[in-house]
Amino acid sequence: MELMPVNWEALDALVIDFAKSENLIEDSAVSSCSSSPSTSPLSSPSSSSYHSRLLIRQIRRSLEVGDIDVALDLLRANAPFVLDDHRLLFRLHKQKFIELLRRGTTEDRDSAINCLRTALAPCALDAYPEAYEEFKHVLLAFVFDKDDQTSPVANEWSERRRVDIAGLISSVLRAHLQAYDPILSMTLRYLISIHKGFCFRQGTSSPISDLSQRLLLEERDSASTPQESLYEAPPFDEVDIQALAHAVDLTRQGAVDSLRFARGDLFQAFQVTTPMKSFGFLSFV
């Protein structure tokens, strides 16, 4: 088979973009000849994206360990638009209520009751149609123990809820802050994902299985759901829906939700739904 020539300029551009996006080099180091003297690396798009991704990572980790107050403080200070969406705010308050009860002390139980009265109940009234029913249901956490796997609120107690809401908030933040991973890292993750799927179908072990585990998440973040009053997307081409669903292994509805959030932009929808994990220098340390 004839080998295709390598476009070294395009490959070099991808690597440079990756290095700048991960803050491994400054923009001025590679573009001093073309950039104006007034351009500061601290205000460059790549630097802004890097700091936004650090913020998202910090919020995500706080949610995954159940420290909802820290996540809320970070959101208020850096991304208050997230809390303007009462659907997301309700889910955050509900998780905070559960985490306070999970700690088990009398003081934390009192704090949970206060959260219930001042934050969760008011938000449940206008978050979404099913929110008030969910609010009444979560009250059963007062009655059933967190270790009771047969209780009607076992799912509410599950620590999996932390991961779910962390993924959802991360997706929303990435889309609003335009804090996407560099194209090179997304491309490598996509190729590794295809390789992993091929090995699975062939029944063989992957020679780069360790790398796959470090760079890919088994679960993908939930698709960002737009506020209908703000994003009214036109019908999407079925070719785009199927291409996105196949590329990142989504359901058709997940692909539609991602396209709706991206207002029909297929590339942005791909960025939003690409498995989230750092591919920067720290990944190899």
# chains A, B, ... in the order shown; residues from 1 in each chain; ligands from 1

call {"tool": "residues_around", "arguments": {"residues": "A:Ile56", "least_positions_apart": "2", "cutoff": "9 Å", "atoms": "only C-alpha atoms", "output": "NGL selection string"}}
result
:A and (51-54 or 58-61 or 169-170 or 173-174 or 179)

call {"tool": "write_last_selection", "arguments": {"atoms": "C-alpha atoms", "output": "PDB file, in the first residue's frame"}}
result
ATOM      1  CA  HIS A  51      -7.270  28.548  33.135  1.00  0.00           C
ATOM      2  CA  SER A  52     -10.911  27.783  32.365  1.00  0.00           C
ATOM      3  CA  ARG A  53     -10.089  24.073  32.102  1.00  0.00           C
ATOM      4  CA  LEU A  54      -8.258  24.246  35.437  1.00  0.00           C
ATOM      5  CA  GLN A  58     -11.378  22.025  40.310  1.00  0.00           C
ATOM      6  CA  ILE A  59     -15.177  22.248  40.311  1.00  0.00           C
ATOM      7  CA  ARG A  60     -15.452  18.704  39.006  1.00  0.00           C
ATOM      8  CA  ARG A  61     -13.208  17.298  41.724  1.00  0.00           C
ATOM      9  CA  ILE A 169     -21.762  20.704  35.235  1.00  0.00           C
ATOM     10  CA  SER A 170     -18.427  20.123  33.459  1.00  0.00           C
ATOM     11  CA  LEU A 173     -18.989  24.912  31.723  1.00  0.00           C
ATOM     12  CA  ARG A 174     -16.913  23.652  28.789  1.00  0.00           C
ATOM     13  CA  ALA A 179     -12.815  25.573  27.379  1.00  0.00           C
TER      14      ALA A 179
END

call {"tool": "select_by_dssp", "arguments": {"residues": "stretch 78-270 of chain A", "states": "helix (DSSP H, G or I)", "output": "mmCIF file with C-alpha atoms, in the first residue's frame"}}
result
data_model
loop_
_atom_site.group_PDB
_atom_site.id
_atom_site.type_symbol
_atom_site.label_atom_id
_atom_site.label_comp_id
_atom_site.auth_asym_id
_atom_site.auth_seq_id
_atom_site.Cartn_x
_atom_site.Cartn_y
_atom_site.Cartn_z
ATOM 1 C CA ASN A 78 -16.413 32.399 38.201
ATOM 2 C CA PRO A 80 -22.711 32.503 37.954
ATOM 3 C CA PHE A 81 -24.633 31.746 34.745
ATOM 4 C CA VAL A 82 -24.698 28.074 35.765
ATOM 5 C CA LEU A 83 -26.645 28.924 38.911
ATOM 6 C CA ASP A 84 -29.100 31.022 36.883
ATOM 7 C CA HIS A 86 -32.648 26.527 38.208
ATOM 8 C CA ARG A 87 -32.572 22.980 36.865
ATOM 9 C CA LEU A 88 -28.859 22.790 37.609
ATOM 10 C CA LEU A 89 -29.212 24.760 40.835
ATOM 11 C CA PHE A 90 -31.870 22.356 42.099
ATOM 12 C CA ARG A 91 -29.660 19.344 41.431
ATOM 13 C CA LEU A 92 -26.748 20.988 43.224
ATOM 14 C CA HIS A 93 -28.861 21.854 46.272
ATOM 15 C CA LYS A 94 -30.318 18.354 46.340
ATOM 16 C CA GLN A 95 -26.831 16.849 46.292
ATOM 17 C CA LYS A 96 -25.734 19.248 49.044
ATOM 18 C CA PHE A 97 -28.695 18.113 51.172
ATOM 19 C CA ILE A 98 -27.690 14.448 50.720
ATOM 20 C CA GLU A 99 -24.027 15.132 51.463
ATOM 21 C CA LEU A 100 -24.902 16.942 54.703
ATOM 22 C CA LEU A 101 -27.017 13.988 55.822
ATOM 23 C CA ARG A 102 -24.260 11.578 54.768
ATOM 24 C CA ARG A 103 -21.860 13.113 57.312
ATOM 25 C CA THR A 106 -26.224 16.406 64.616
ATOM 26 C CA GLU A 107 -24.782 19.702 63.406
ATOM 27 C CA ASP A 108 -24.741 18.538 59.777
ATOM 28 C CA ARG A 109 -28.301 17.213 60.105
ATOM 29 C CA ASP A 110 -29.393 20.670 61.282
ATOM 30 C CA SER A 111 -27.536 22.178 58.321
ATOM 31 C CA ALA A 112 -29.365 19.763 56.000
ATOM 32 C CA ILE A 113 -32.717 20.911 57.396
ATOM 33 C CA ASN A 114 -31.686 24.529 56.891
ATOM 34 C CA CYS A 115 -30.606 23.752 53.309
ATOM 35 C CA LEU A 116 -33.970 22.102 52.774
ATOM 36 C CA ARG A 117 -35.919 25.133 53.970
ATOM 37 C CA THR A 118 -33.893 27.971 52.513
ATOM 38 C CA ALA A 119 -32.536 26.569 49.243
ATOM 39 C CA LEU A 120 -33.903 23.224 48.082
ATOM 40 C CA ALA A 121 -37.631 23.781 48.676
ATOM 41 C CA PRO A 122 -37.804 27.248 47.033
ATOM 42 C CA CYS A 123 -35.785 26.018 44.037
ATOM 43 C CA ALA A 124 -38.047 22.974 43.617
ATOM 44 C CA ALA A 131 -38.697 18.870 40.569
ATOM 45 C CA TYR A 132 -41.262 19.149 43.355
ATOM 46 C CA GLU A 133 -41.973 15.416 43.191
ATOM 47 C CA GLU A 134 -38.242 14.767 43.368
ATOM 48 C CA PHE A 135 -38.057 17.133 46.331
ATOM 49 C CA LYS A 136 -40.719 15.178 48.212
ATOM 50 C CA HIS A 137 -39.030 11.908 47.322
ATOM 51 C CA VAL A 138 -35.586 12.959 48.603
ATOM 52 C CA LEU A 139 -37.118 13.722 52.011
ATOM 53 C CA LEU A 140 -37.190 9.964 52.530
ATOM 54 C CA ALA A 141 -33.430 10.219 53.110
ATOM 55 C CA PHE A 142 -34.380 11.351 56.624
ATOM 56 C CA ALA A 154 -30.872 4.137 47.460
ATOM 57 C CA ASN A 155 -30.127 5.940 44.186
ATOM 58 C CA GLU A 156 -30.108 9.311 45.950
ATOM 59 C CA TRP A 157 -27.581 7.987 48.465
ATOM 60 C CA ARG A 160 -22.578 7.674 41.572
ATOM 61 C CA ARG A 161 -24.795 10.770 41.786
ATOM 62 C CA ARG A 162 -21.685 12.817 42.490
ATOM 63 C CA VAL A 163 -20.058 11.662 39.261
ATOM 64 C CA ASP A 164 -23.223 12.304 37.255
ATOM 65 C CA ILE A 165 -23.679 15.888 38.400
ATOM 66 C CA ALA A 166 -19.938 16.583 38.116
ATOM 67 C CA GLY A 167 -20.054 15.442 34.485
ATOM 68 C CA LEU A 168 -23.147 17.502 33.714
ATOM 69 C CA ILE A 169 -21.762 20.704 35.235
ATOM 70 C CA SER A 170 -18.427 20.123 33.459
ATOM 71 C CA SER A 171 -20.193 19.800 30.095
ATOM 72 C CA VAL A 172 -22.119 23.035 30.641
ATOM 73 C CA LEU A 173 -18.989 24.912 31.723
ATOM 74 C CA ARG A 174 -16.913 23.652 28.789
ATOM 75 C CA ALA A 175 -19.552 24.800 26.331
ATOM 76 C CA HIS A 176 -20.162 28.231 27.877
ATOM 77 C CA LEU A 177 -16.500 29.025 28.576
ATOM 78 C CA ILE A 183 -7.523 19.232 18.845
ATOM 79 C CA LEU A 184 -4.429 17.024 19.120
ATOM 80 C CA SER A 185 -5.436 15.525 22.464
ATOM 81 C CA MET A 186 -9.038 15.002 21.315
ATOM 82 C CA THR A 187 -7.786 13.325 18.129
ATOM 83 C CA LEU A 188 -5.496 10.993 20.065
ATOM 84 C CA ARG A 189 -8.277 10.057 22.485
ATOM 85 C CA TYR A 190 -10.609 9.416 19.558
ATOM 86 C CA LEU A 191 -8.053 7.161 17.816
ATOM 87 C CA ILE A 192 -7.340 5.296 21.062
ATOM 88 C CA SER A 193 -11.089 4.843 21.585
ATOM 89 C CA ILE A 194 -11.443 3.335 18.092
ATOM 90 C CA HIS A 195 -8.448 1.065 18.751
ATOM 91 C CA LYS A 196 -9.927 -0.052 22.076
ATOM 92 C CA GLY A 197 -13.255 -0.897 20.426
ATOM 93 C CA PHE A 198 -11.505 -2.825 17.639
ATOM 94 C CA CYS A 199 -9.515 -4.915 20.149
ATOM 95 C CA PHE A 200 -12.683 -5.649 22.104
ATOM 96 C CA ARG A 201 -14.501 -6.893 18.992
ATOM 97 C CA GLN A 202 -11.499 -8.999 17.986
ATOM 98 C CA SER A 209 -4.224 -0.831 27.404
ATOM 99 C CA ASP A 210 -2.432 1.062 30.191
ATOM 100 C CA LEU A 211 -2.432 4.211 28.087
ATOM 101 C CA SER A 212 -6.121 3.728 27.271
ATOM 102 C CA GLN A 213 -7.043 3.490 30.936
ATOM 103 C CA ARG A 214 -5.139 6.667 31.755
ATOM 104 C CA LEU A 215 -6.514 8.756 28.902
ATOM 105 C CA GLU A 238 -29.583 13.071 10.162
ATOM 106 C CA VAL A 239 -26.105 12.603 8.675
ATOM 107 C CA ASP A 240 -24.703 14.927 11.383
ATOM 108 C CA ILE A 241 -26.662 13.134 14.118
ATOM 109 C CA GLN A 242 -25.394 9.720 13.052
ATOM 110 C CA ALA A 243 -21.836 10.966 12.513
ATOM 111 C CA LEU A 244 -21.691 12.413 16.042
ATOM 112 C CA ALA A 245 -23.354 9.373 17.617
ATOM 113 C CA HIS A 246 -20.860 7.047 15.883
ATOM 114 C CA ALA A 247 -17.785 9.202 16.541
ATOM 115 C CA ARG A 252 -29.102 9.139 18.981
ATOM 116 C CA GLN A 253 -30.888 11.249 21.615
ATOM 117 C CA GLY A 254 -27.554 12.127 23.227
ATOM 118 C CA ALA A 255 -26.237 13.289 19.854
ATOM 119 C CA VAL A 256 -29.385 15.374 19.275
ATOM 120 C CA ASP A 257 -29.046 16.984 22.730
ATOM 121 C CA SER A 258 -25.412 17.841 22.078
ATOM 122 C CA LEU A 259 -26.208 19.323 18.663
ATOM 123 C CA ARG A 260 -29.062 21.307 20.159
ATOM 124 C CA PHE A 261 -26.766 22.734 22.822
ATOM 125 C CA LEU A 266 -21.174 19.622 14.628
ATOM 126 C CA PHE A 267 -17.555 20.350 15.588
ATOM 127 C CA GLN A 268 -18.567 22.096 18.815
ATOM 128 C CA ALA A 269 -20.911 19.230 19.655
ATOM 129 C CA PHE A 270 -17.993 16.835 19.174
#
